Amino acid sequence: MTLAPETTDLKVQLRLDDSWFTVCDLNLLLPGRGVAALLPDGRQAAVFRDRAGNLYAVDNRDPFGGAAVLSRGLIGSHQGRPFVASPLLKQRFDLATGQCLDDDTVRITAYEVRAAS
């Protein structure tokens with residue numbers, strides 16, 4: 001059975017160390033758009049739901065420009081790999097691993113994410 005996220009009380013959670021941190025209600029994540037979430041240690045995560053309903057979370061800070069803007073980036077896929085393209089210089093980051101698809105030497109943090117009640 002598939003539940004429409006708009007009718008559930010599911011929360012989006014990120015794994016931080018050995019516990020889960022609640023970020024927001026699932027129904028606040030619009031497919032194809034990102035949101036920024038402030039983490040307990042002061043960092044930010046960029047959280048996404050793609051059009052298929054998959055959830056992703058990566059560091060919100062663009063390592064090339066230094067600004068916390070990845071949550072405003074465009075999401076897409078390249079060779080089956082979901083990515084977010086930075087709105088600054090357009091580098092693409094794999095949403096599952098954090099690996100930069102345009103520079104093998106750069107990687108951002110990717111978080112385990114889930115929808116839970």
# chains A, B, ... in the order shown; residues from 1 in each chain; ligands from 1
$ residues_around --residues "Val12 of chain A" --least-positions-apart "5" --cutoff "6 Å" --atoms "only C-alpha atoms" --output "PDB file with N, CA, C and O atoms, in the first residue's frame"
ATOM      1  N   THR A  22      15.047  14.478  13.942  1.00  0.00           N
ATOM      2  CA  THR A  22      13.872  14.853  13.152  1.00  0.00           C
ATOM      3  C   THR A  22      14.090  16.240  12.546  1.00  0.00           C
ATOM      4  O   THR A  22      14.392  17.192  13.259  1.00  0.00           O
ATOM      5  N   VAL A  23      13.900  16.319  11.236  1.00  0.00           N
ATOM      6  CA  VAL A  23      14.134  17.550  10.490  1.00  0.00           C
ATOM      7  C   VAL A  23      12.832  18.308  10.245  1.00  0.00           C
ATOM      8  O   VAL A  23      12.739  19.500  10.509  1.00  0.00           O
ATOM      9  N   CYS A  24      11.820  17.613   9.710  1.00  0.00           N
ATOM     10  CA  CYS A  24      10.565  18.272   9.365  1.00  0.00           C
ATOM     11  C   CYS A  24       9.502  17.225   9.069  1.00  0.00           C
ATOM     12  O   CYS A  24       9.794  16.032   9.027  1.00  0.00           O
ATOM     13  N   ASP A  25       8.278  17.681   8.855  1.00  0.00           N
ATOM     14  CA  ASP A  25       7.210  16.793   8.396  1.00  0.00           C
ATOM     15  C   ASP A  25       7.460  16.445   6.937  1.00  0.00           C
ATOM     16  O   ASP A  25       7.876  17.309   6.149  1.00  0.00           O
ATOM     17  N   LEU A  26       7.200  15.207   6.562  1.00  0.00           N
ATOM     18  CA  LEU A  26       7.399  14.771   5.181  1.00  0.00           C
ATOM     19  C   LEU A  26       6.585  15.622   4.206  1.00  0.00           C
ATOM     20  O   LEU A  26       7.057  15.959   3.122  1.00  0.00           O
ATOM     21  N   ARG A 114      15.437   8.958   6.475  1.00  0.00           N
ATOM     22  CA  ARG A 114      14.263   8.087   6.463  1.00  0.00           C
ATOM     23  C   ARG A 114      13.008   8.897   6.784  1.00  0.00           C
ATOM     24  O   ARG A 114      13.092  10.004   7.310  1.00  0.00           O
ATOM     25  N   ALA A 115      11.867   8.313   6.457  1.00  0.00           N
ATOM     26  CA  ALA A 115      10.563   8.846   6.879  1.00  0.00           C
ATOM     27  C   ALA A 115      10.056   7.910   7.966  1.00  0.00           C
ATOM     28  O   ALA A 115      10.001   6.700   7.779  1.00  0.00           O
TER      29      ALA A 115
END
$ select_by_dssp --residues "chain A" --states "helix (DSSP H, G or I)" --output "PyMOL selection string"
chain A and resi 5-7+26-28+70-72
$ write_last_selection --atoms "all heavy atoms" --output "compact mmCIF listing (two decimals), in the first residue's frame"
# COMPACT_ATOMS: atom_id res chain seq x y z
N PRO A 5 1.99 11.11 0.92
CA PRO A 5 2.69 11.78 2.01
C PRO A 5 1.88 12.92 2.63
O PRO A 5 2.02 13.22 3.79
CB PRO A 5 3.96 12.32 1.36
CG PRO A 5 4.14 11.52 0.12
CD PRO A 5 2.77 11.08 -0.29
N GLU A 6 1.02 13.54 1.84
CA GLU A 6 0.23 14.67 2.33
C GLU A 6 -0.79 14.25 3.38
O GLU A 6 -1.32 15.08 4.10
CB GLU A 6 -0.48 15.36 1.17
CG GLU A 6 0.47 16.00 0.17
CD GLU A 6 1.17 15.01 -0.76
OE1 GLU A 6 0.67 13.87 -0.93
OE2 GLU A 6 2.22 15.35 -1.29
N THR A 7 -1.08 12.94 3.46
CA THR A 7 -2.10 12.48 4.39
C THR A 7 -1.50 11.70 5.56
O THR A 7 -2.23 11.07 6.31
CB THR A 7 -3.14 11.60 3.68
OG1 THR A 7 -2.49 10.44 3.16
CG2 THR A 7 -3.82 12.36 2.56
N LEU A 26 7.20 15.21 6.56
CA LEU A 26 7.40 14.77 5.18
C LEU A 26 6.58 15.62 4.21
O LEU A 26 7.06 15.96 3.12
CB LEU A 26 7.03 13.30 5.03
CG LEU A 26 7.16 12.70 3.63
CD1 LEU A 26 8.61 12.79 3.13
CD2 LEU A 26 6.68 11.26 3.61
N ASN A 27 5.38 16.02 4.60
CA ASN A 27 4.53 16.76 3.67
C ASN A 27 5.07 18.16 3.38
O ASN A 27 4.58 18.84 2.47
CB ASN A 27 3.09 16.82 4.15
CG ASN A 27 2.93 17.54 5.47
OD1 ASN A 27 3.89 18.07 6.02
ND2 ASN A 27 1.72 17.55 5.99
N LEU A 28 6.10 18.63 4.10
CA LEU A 28 6.71 19.92 3.81
C LEU A 28 7.74 19.85 2.68
O LEU A 28 8.15 20.88 2.15
CB LEU A 28 7.37 20.50 5.06
CG LEU A 28 6.42 20.86 6.19
CD1 LEU A 28 7.20 21.37 7.39
CD2 LEU A 28 5.41 21.90 5.74
N LEU A 70 23.15 24.58 -1.33
CA LEU A 70 22.80 23.38 -2.09
C LEU A 70 21.31 23.03 -2.00
O LEU A 70 20.76 22.44 -2.93
CB LEU A 70 23.67 22.19 -1.69
CG LEU A 70 25.14 22.32 -2.10
CD1 LEU A 70 25.92 21.09 -1.67
CD2 LEU A 70 25.28 22.56 -3.59
N SER A 71 20.65 23.42 -0.93
CA SER A 71 19.21 23.15 -0.81
C SER A 71 18.43 23.90 -1.89
O SER A 71 17.29 23.54 -2.18
CB SER A 71 18.70 23.55 0.57
OG SER A 71 18.87 24.94 0.80
N ARG A 72 19.02 24.91 -2.49
CA ARG A 72 18.38 25.69 -3.56
C ARG A 72 18.75 25.19 -4.95
O ARG A 72 18.34 25.76 -5.95
CB ARG A 72 18.79 27.16 -3.45
CG ARG A 72 18.55 27.74 -2.10
CD ARG A 72 17.44 28.67 -2.13
NE ARG A 72 17.28 29.27 -0.80
CZ ARG A 72 16.17 29.81 -0.42
NH1 ARG A 72 15.16 29.83 -1.23
NH2 ARG A 72 16.07 30.33 0.77
$ residues_around --residues "Arg51 of chain A" --least-positions-apart "3" --cutoff "10 Å" --atoms "only C-alpha atoms" --output "MDAnalysis selection string"
chainID A and resid 30:33 48 54:55 75:76
$ write_last_selection --atoms "all heavy atoms" --output "CSV table (one decimal), in the first residue's frame"
chain,number,residue,atom,x,y,z
A,30,LEU,N,8.5,19.3,-0.9
A,30,LEU,CA,7.9,19.2,-2.3
A,30,LEU,C,8.8,18.4,-3.2
A,30,LEU,O,10.0,18.7,-3.2
A,30,LEU,CB,7.7,20.6,-2.8
A,30,LEU,CG,6.7,21.5,-2.0
A,30,LEU,CD1,6.7,22.9,-2.6
A,30,LEU,CD2,5.4,20.9,-1.9
A,31,PRO,N,8.2,17.5,-4.0
A,31,PRO,CA,9.0,16.7,-4.9
A,31,PRO,C,9.8,17.6,-5.8
A,31,PRO,O,9.3,18.6,-6.4
A,31,PRO,CB,8.0,15.9,-5.6
A,31,PRO,CG,6.9,15.7,-4.7
A,31,PRO,CD,6.8,17.1,-4.0
A,32,GLY,N,11.1,17.4,-6.0
A,32,GLY,CA,12.0,18.2,-6.9
A,32,GLY,C,12.5,19.4,-6.3
A,32,GLY,O,13.3,20.1,-6.9
A,33,ARG,N,12.2,19.7,-5.0
A,33,ARG,CA,12.7,20.9,-4.3
A,33,ARG,C,13.4,20.5,-3.1
A,33,ARG,O,13.1,19.5,-2.5
A,33,ARG,CB,11.6,21.9,-4.0
A,33,ARG,CG,10.6,22.1,-5.1
A,33,ARG,CD,10.6,23.2,-6.0
A,33,ARG,NE,11.0,24.5,-5.7
A,33,ARG,CZ,10.3,25.6,-5.5
A,33,ARG,NH1,9.0,25.4,-5.4
A,33,ARG,NH2,10.8,26.7,-5.4
A,48,PHE,N,16.1,16.6,0.4
A,48,PHE,CA,15.4,16.6,-0.9
A,48,PHE,C,14.4,15.4,-0.9
A,48,PHE,O,14.7,14.3,-0.3
A,48,PHE,CB,16.3,16.4,-2.1
A,48,PHE,CG,17.3,17.5,-2.2
A,48,PHE,CD1,18.6,17.4,-1.6
A,48,PHE,CD2,17.0,18.7,-2.9
A,48,PHE,CE1,19.5,18.5,-1.7
A,48,PHE,CE2,17.9,19.7,-3.0
A,48,PHE,CZ,19.2,19.6,-2.4
A,54,ASN,N,11.8,9.3,-3.3
A,54,ASN,CA,13.0,9.0,-2.6
A,54,ASN,C,13.5,10.2,-1.8
A,54,ASN,O,13.4,11.4,-2.3
A,54,ASN,CB,14.1,8.5,-3.5
A,54,ASN,CG,13.6,7.3,-4.3
A,54,ASN,OD1,13.2,6.3,-3.7
A,54,ASN,ND2,13.8,7.4,-5.6
A,55,LEU,N,14.1,10.0,-0.6
A,55,LEU,CA,14.6,11.0,0.2
A,55,LEU,C,16.1,11.0,0.2
A,55,LEU,O,16.7,9.9,0.2
A,55,LEU,CB,14.1,10.9,1.7
A,55,LEU,CG,12.6,10.9,1.9
A,55,LEU,CD1,12.3,10.6,3.3
A,55,LEU,CD2,12.1,12.3,1.6
A,75,ILE,N,17.7,19.4,-8.8
A,75,ILE,CA,18.1,17.9,-8.7
A,75,ILE,C,17.8,17.3,-10.1
A,75,ILE,O,16.9,17.7,-10.8
A,75,ILE,CB,17.4,17.2,-7.6
A,75,ILE,CG1,15.8,17.2,-7.7
A,75,ILE,CG2,17.8,17.8,-6.2
A,75,ILE,CD1,15.2,16.3,-6.7
A,76,GLY,N,18.5,16.2,-10.4
A,76,GLY,CA,18.4,15.5,-11.6
A,76,GLY,C,19.1,14.2,-11.4
A,76,GLY,O,19.4,13.7,-10.3
$ closest_residue --among "A:Ser19, A:Gln99, A:Ser86, A:Ser117" --to "Arg61 of chain A" --atoms "only C-alpha atoms"
A:Ser86
$ residues_around --residues "Val84 of chain A" --least-positions-apart "5" --cutoff "7 Å" --atoms "only C-alpha atoms" --output "PyMOL selection string"
chain A and resi 73-76+92-95
$ atom_distance --atom1 "atom CA of Tyr111 of chain A" --atom2 "atom CA of Ala57 of chain A"
5.3 Å
$ select_by_dssp --residues "segment 62-96 of chain A" --states "strand (DSSP E or B)" --output "VMD selection string"
chain A and resid 68 74 to 78 81 to 85 92 to 94
$ write_last_selection --atoms "N, CA, C and O atoms" --output "PDB file, in the first residue's frame"
ATOM      1  N   ALA A  68      26.098  28.321   1.912  1.00  0.00           N
ATOM      2  CA  ALA A  68      25.132  27.261   2.234  1.00  0.00           C
ATOM      3  C   ALA A  68      23.936  27.393   1.291  1.00  0.00           C
ATOM      4  O   ALA A  68      22.922  28.005   1.627  1.00  0.00           O
ATOM      5  N   LEU A  74      19.227  22.519  -8.255  1.00  0.00           N
ATOM      6  CA  LEU A  74      18.334  21.697  -9.070  1.00  0.00           C
ATOM      7  C   LEU A  74      18.736  20.237  -8.927  1.00  0.00           C
ATOM      8  O   LEU A  74      19.924  19.913  -8.943  1.00  0.00           O
ATOM      9  N   ILE A  75      17.739  19.350  -8.795  1.00  0.00           N
ATOM     10  CA  ILE A  75      18.067  17.930  -8.724  1.00  0.00           C
ATOM     11  C   ILE A  75      17.760  17.277 -10.072  1.00  0.00           C
ATOM     12  O   ILE A  75      16.899  17.721 -10.822  1.00  0.00           O
ATOM     13  N   GLY A  76      18.530  16.241 -10.353  1.00  0.00           N
ATOM     14  CA  GLY A  76      18.376  15.499 -11.592  1.00  0.00           C
ATOM     15  C   GLY A  76      19.084  14.172 -11.449  1.00  0.00           C
ATOM     16  O   GLY A  76      19.395  13.730 -10.337  1.00  0.00           O
ATOM     17  N   SER A  77      19.376  13.532 -12.565  1.00  0.00           N
ATOM     18  CA  SER A  77      20.136  12.281 -12.520  1.00  0.00           C
ATOM     19  C   SER A  77      21.054  12.212 -13.731  1.00  0.00           C
ATOM     20  O   SER A  77      20.767  12.781 -14.786  1.00  0.00           O
ATOM     21  N   HIS A  78      22.183  11.545 -13.534  1.00  0.00           N
ATOM     22  CA  HIS A  78      23.173  11.347 -14.592  1.00  0.00           C
ATOM     23  C   HIS A  78      23.623   9.906 -14.506  1.00  0.00           C
ATOM     24  O   HIS A  78      24.135   9.482 -13.465  1.00  0.00           O
ATOM     25  N   ARG A  81      22.467   8.123 -11.481  1.00  0.00           N
ATOM     26  CA  ARG A  81      22.884   8.656 -10.184  1.00  0.00           C
ATOM     27  C   ARG A  81      22.130   9.955  -9.907  1.00  0.00           C
ATOM     28  O   ARG A  81      22.259  10.917 -10.661  1.00  0.00           O
ATOM     29  N   PRO A  82      21.355  10.018  -8.818  1.00  0.00           N
ATOM     30  CA  PRO A  82      20.666  11.268  -8.482  1.00  0.00           C
ATOM     31  C   PRO A  82      21.681  12.309  -8.017  1.00  0.00           C
ATOM     32  O   PRO A  82      22.631  11.986  -7.310  1.00  0.00           O
ATOM     33  N   PHE A  83      21.489  13.560  -8.434  1.00  0.00           N
ATOM     34  CA  PHE A  83      22.416  14.607  -8.043  1.00  0.00           C
ATOM     35  C   PHE A  83      21.687  15.910  -7.766  1.00  0.00           C
ATOM     36  O   PHE A  83      20.539  16.101  -8.169  1.00  0.00           O
ATOM     37  N   VAL A  84      22.382  16.800  -7.070  1.00  0.00           N
ATOM     38  CA  VAL A  84      21.957  18.189  -6.933  1.00  0.00           C
ATOM     39  C   VAL A  84      23.047  19.030  -7.578  1.00  0.00           C
ATOM     40  O   VAL A  84      24.239  18.789  -7.368  1.00  0.00           O
ATOM     41  N   ALA A  85      22.642  19.996  -8.402  1.00  0.00           N
ATOM     42  CA  ALA A  85      23.585  20.922  -9.033  1.00  0.00           C
ATOM     43  C   ALA A  85      23.589  22.219  -8.225  1.00  0.00           C
ATOM     44  O   ALA A  85      22.534  22.805  -7.970  1.00  0.00           O
ATOM     45  N   ARG A  92      27.892  19.290  -9.777  1.00  0.00           N
ATOM     46  CA  ARG A  92      26.874  18.320  -9.399  1.00  0.00           C
ATOM     47  C   ARG A  92      27.421  17.398  -8.309  1.00  0.00           C
ATOM     48  O   ARG A  92      28.540  16.931  -8.400  1.00  0.00           O
ATOM     49  N   PHE A  93      26.565  17.138  -7.302  1.00  0.00           N
ATOM     50  CA  PHE A  93      26.929  16.272  -6.190  1.00  0.00           C
ATOM     51  C   PHE A  93      25.955  15.114  -6.114  1.00  0.00           C
ATOM     52  O   PHE A  93      24.734  15.317  -6.105  1.00  0.00           O
ATOM     53  N   ASP A  94      26.505  13.898  -6.080  1.00  0.00           N
ATOM     54  CA  ASP A  94      25.692  12.688  -5.963  1.00  0.00           C
ATOM     55  C   ASP A  94      24.922  12.753  -4.645  1.00  0.00           C
ATOM     56  O   ASP A  94      25.523  12.903  -3.576  1.00  0.00           O
TER      57      ASP A  94
END
$ atom_distance --atom1 "atom CA of Ala37 of chain A" --atom2 "atom CA of Asp17 of chain A"
16.6 Å
$ residues_around --residues "Gly66 of chain A" --least-positions-apart "2" --cutoff "12 Å" --atoms "only C-alpha atoms" --output "PyMOL selection string"
chain A and resi 59-64+68-70+86-89+108
$ write_last_selection --atoms "N, CA and C atoms" --output "PDB file, in the first residue's frame"
ATOM      1  N   ASP A  59      25.255  17.706   2.877  1.00  0.00           N
ATOM      2  CA  ASP A  59      25.683  18.973   3.456  1.00  0.00           C
ATOM      3  C   ASP A  59      25.151  20.109   2.591  1.00  0.00           C
ATOM      4  N   ASN A  60      24.675  21.162   3.206  1.00  0.00           N
ATOM      5  CA  ASN A  60      24.110  22.288   2.459  1.00  0.00           C
ATOM      6  C   ASN A  60      25.189  23.236   1.939  1.00  0.00           C
ATOM      7  N   ARG A  61      26.403  23.132   2.443  1.00  0.00           N
ATOM      8  CA  ARG A  61      27.479  24.055   2.063  1.00  0.00           C
ATOM      9  C   ARG A  61      28.136  23.618   0.761  1.00  0.00           C
ATOM     10  N   ASP A  62      28.168  24.522  -0.202  1.00  0.00           N
ATOM     11  CA  ASP A  62      28.861  24.292  -1.469  1.00  0.00           C
ATOM     12  C   ASP A  62      30.360  24.433  -1.215  1.00  0.00           C
ATOM     13  N   PRO A  63      31.149  23.364  -1.393  1.00  0.00           N
ATOM     14  CA  PRO A  63      32.575  23.455  -1.086  1.00  0.00           C
ATOM     15  C   PRO A  63      33.355  24.345  -2.053  1.00  0.00           C
ATOM     16  N   PHE A  64      32.801  24.630  -3.209  1.00  0.00           N
ATOM     17  CA  PHE A  64      33.500  25.476  -4.179  1.00  0.00           C
ATOM     18  C   PHE A  64      33.273  26.962  -3.898  1.00  0.00           C
ATOM     19  N   ALA A  68      26.098  28.321   1.912  1.00  0.00           N
ATOM     20  CA  ALA A  68      25.132  27.261   2.234  1.00  0.00           C
ATOM     21  C   ALA A  68      23.936  27.393   1.291  1.00  0.00           C
ATOM     22  N   VAL A  69      24.063  26.802   0.093  1.00  0.00           N
ATOM     23  CA  VAL A  69      23.062  27.010  -0.961  1.00  0.00           C
ATOM     24  C   VAL A  69      22.594  25.737  -1.664  1.00  0.00           C
ATOM     25  N   LEU A  70      23.146  24.580  -1.329  1.00  0.00           N
ATOM     26  CA  LEU A  70      22.797  23.379  -2.094  1.00  0.00           C
ATOM     27  C   LEU A  70      21.312  23.032  -2.005  1.00  0.00           C
ATOM     28  N   SER A  86      24.760  22.642  -7.831  1.00  0.00           N
ATOM     29  CA  SER A  86      24.878  23.872  -7.056  1.00  0.00           C
ATOM     30  C   SER A  86      24.362  25.063  -7.854  1.00  0.00           C
ATOM     31  N   PRO A  87      23.605  25.946  -7.207  1.00  0.00           N
ATOM     32  CA  PRO A  87      23.144  27.140  -7.917  1.00  0.00           C
ATOM     33  C   PRO A  87      24.269  28.152  -8.167  1.00  0.00           C
ATOM     34  N   LEU A  88      25.430  27.946  -7.555  1.00  0.00           N
ATOM     35  CA  LEU A  88      26.538  28.891  -7.746  1.00  0.00           C
ATOM     36  C   LEU A  88      27.306  28.611  -9.031  1.00  0.00           C
ATOM     37  N   LEU A  89      28.105  27.548  -9.028  1.00  0.00           N
ATOM     38  CA  LEU A  89      28.962  27.256 -10.176  1.00  0.00           C
ATOM     39  C   LEU A  89      28.531  25.998 -10.924  1.00  0.00           C
ATOM     40  N   ILE A 108      31.096  15.861  -0.401  1.00  0.00           N
ATOM     41  CA  ILE A 108      30.408  16.468   0.733  1.00  0.00           C
ATOM     42  C   ILE A 108      29.767  15.348   1.549  1.00  0.00           C
TER      43      ILE A 108
END
$ atom_distance --atom1 "atom CA of Gln44 of chain A" --atom2 "atom CA of Leu101 of chain A"
21.2 Å
$ closest_residue --among "A:Leu10, A:Val47, A:Gly34, A:Val58" --to "Gly98 of chain A" --atoms "only C-alpha atoms"
A:Val58
$ decode --residues "segment 29-47 of chain A" --atoms "N, CA and C atoms" --output "tab-separated table (two decimals), in the first residue's frame"
chain	number	residue	atom	x	y	z
A	29	LEU	N	8.16	18.63	2.32
A	29	LEU	CA	9.13	18.46	1.23
A	29	LEU	C	8.38	18.31	-0.09
A	30	LEU	N	8.50	19.29	-0.94
A	30	LEU	CA	7.88	19.22	-2.25
A	30	LEU	C	8.78	18.43	-3.19
A	31	PRO	N	8.22	17.50	-3.96
A	31	PRO	CA	9.04	16.73	-4.90
A	31	PRO	C	9.81	17.65	-5.84
A	32	GLY	N	11.11	17.38	-5.96
A	32	GLY	CA	11.95	18.15	-6.86
A	32	GLY	C	12.53	19.41	-6.26
A	33	ARG	N	12.22	19.71	-5.00
A	33	ARG	CA	12.72	20.92	-4.34
A	33	ARG	C	13.44	20.52	-3.05
A	34	GLY	N	14.34	21.36	-2.60
A	34	GLY	CA	15.07	21.08	-1.37
A	34	GLY	C	14.73	22.05	-0.27
A	35	VAL	N	15.07	21.67	0.95
A	35	VAL	CA	14.95	22.55	2.11
A	35	VAL	C	16.25	22.46	2.90
A	36	ALA	N	16.58	23.54	3.59
A	36	ALA	CA	17.75	23.55	4.46
A	36	ALA	C	17.29	23.24	5.88
A	37	ALA	N	18.09	22.45	6.59
A	37	ALA	CA	17.78	22.10	7.98
A	37	ALA	C	19.00	22.40	8.84
A	38	LEU	N	18.77	23.07	9.95
A	38	LEU	CA	19.84	23.36	10.90
A	38	LEU	C	20.03	22.14	11.81
A	39	LEU	N	21.26	21.66	11.88
A	39	LEU	CA	21.57	20.49	12.70
A	39	LEU	C	22.02	20.94	14.09
A	40	PRO	N	21.96	20.05	15.07
A	40	PRO	CA	22.30	20.42	16.45
A	40	PRO	C	23.70	21.01	16.62
A	41	ASP	N	24.65	20.62	15.76
A	41	ASP	CA	26.02	21.13	15.89
A	41	ASP	C	26.25	22.44	15.12
A	42	GLY	N	25.19	23.00	14.53
A	42	GLY	CA	25.31	24.26	13.82
A	42	GLY	C	25.50	24.14	12.33
A	43	ARG	N	25.80	22.94	11.85
A	43	ARG	CA	25.90	22.73	10.40
A	43	ARG	C	24.50	22.72	9.79
A	44	GLN	N	24.44	22.76	8.47
A	44	GLN	CA	23.17	22.68	7.76
A	44	GLN	C	23.18	21.48	6.83
A	45	ALA	N	22.02	20.87	6.68
A	45	ALA	CA	21.83	19.80	5.71
A	45	ALA	C	20.83	20.28	4.66
A	46	ALA	N	21.03	19.84	3.43
A	46	ALA	CA	20.07	20.08	2.35
A	46	ALA	C	19.29	18.79	2.19
A	47	VAL	N	17.97	18.86	2.33
A	47	VAL	CA	17.12	17.68	2.32
A	47	VAL	C	16.22	17.75	1.09
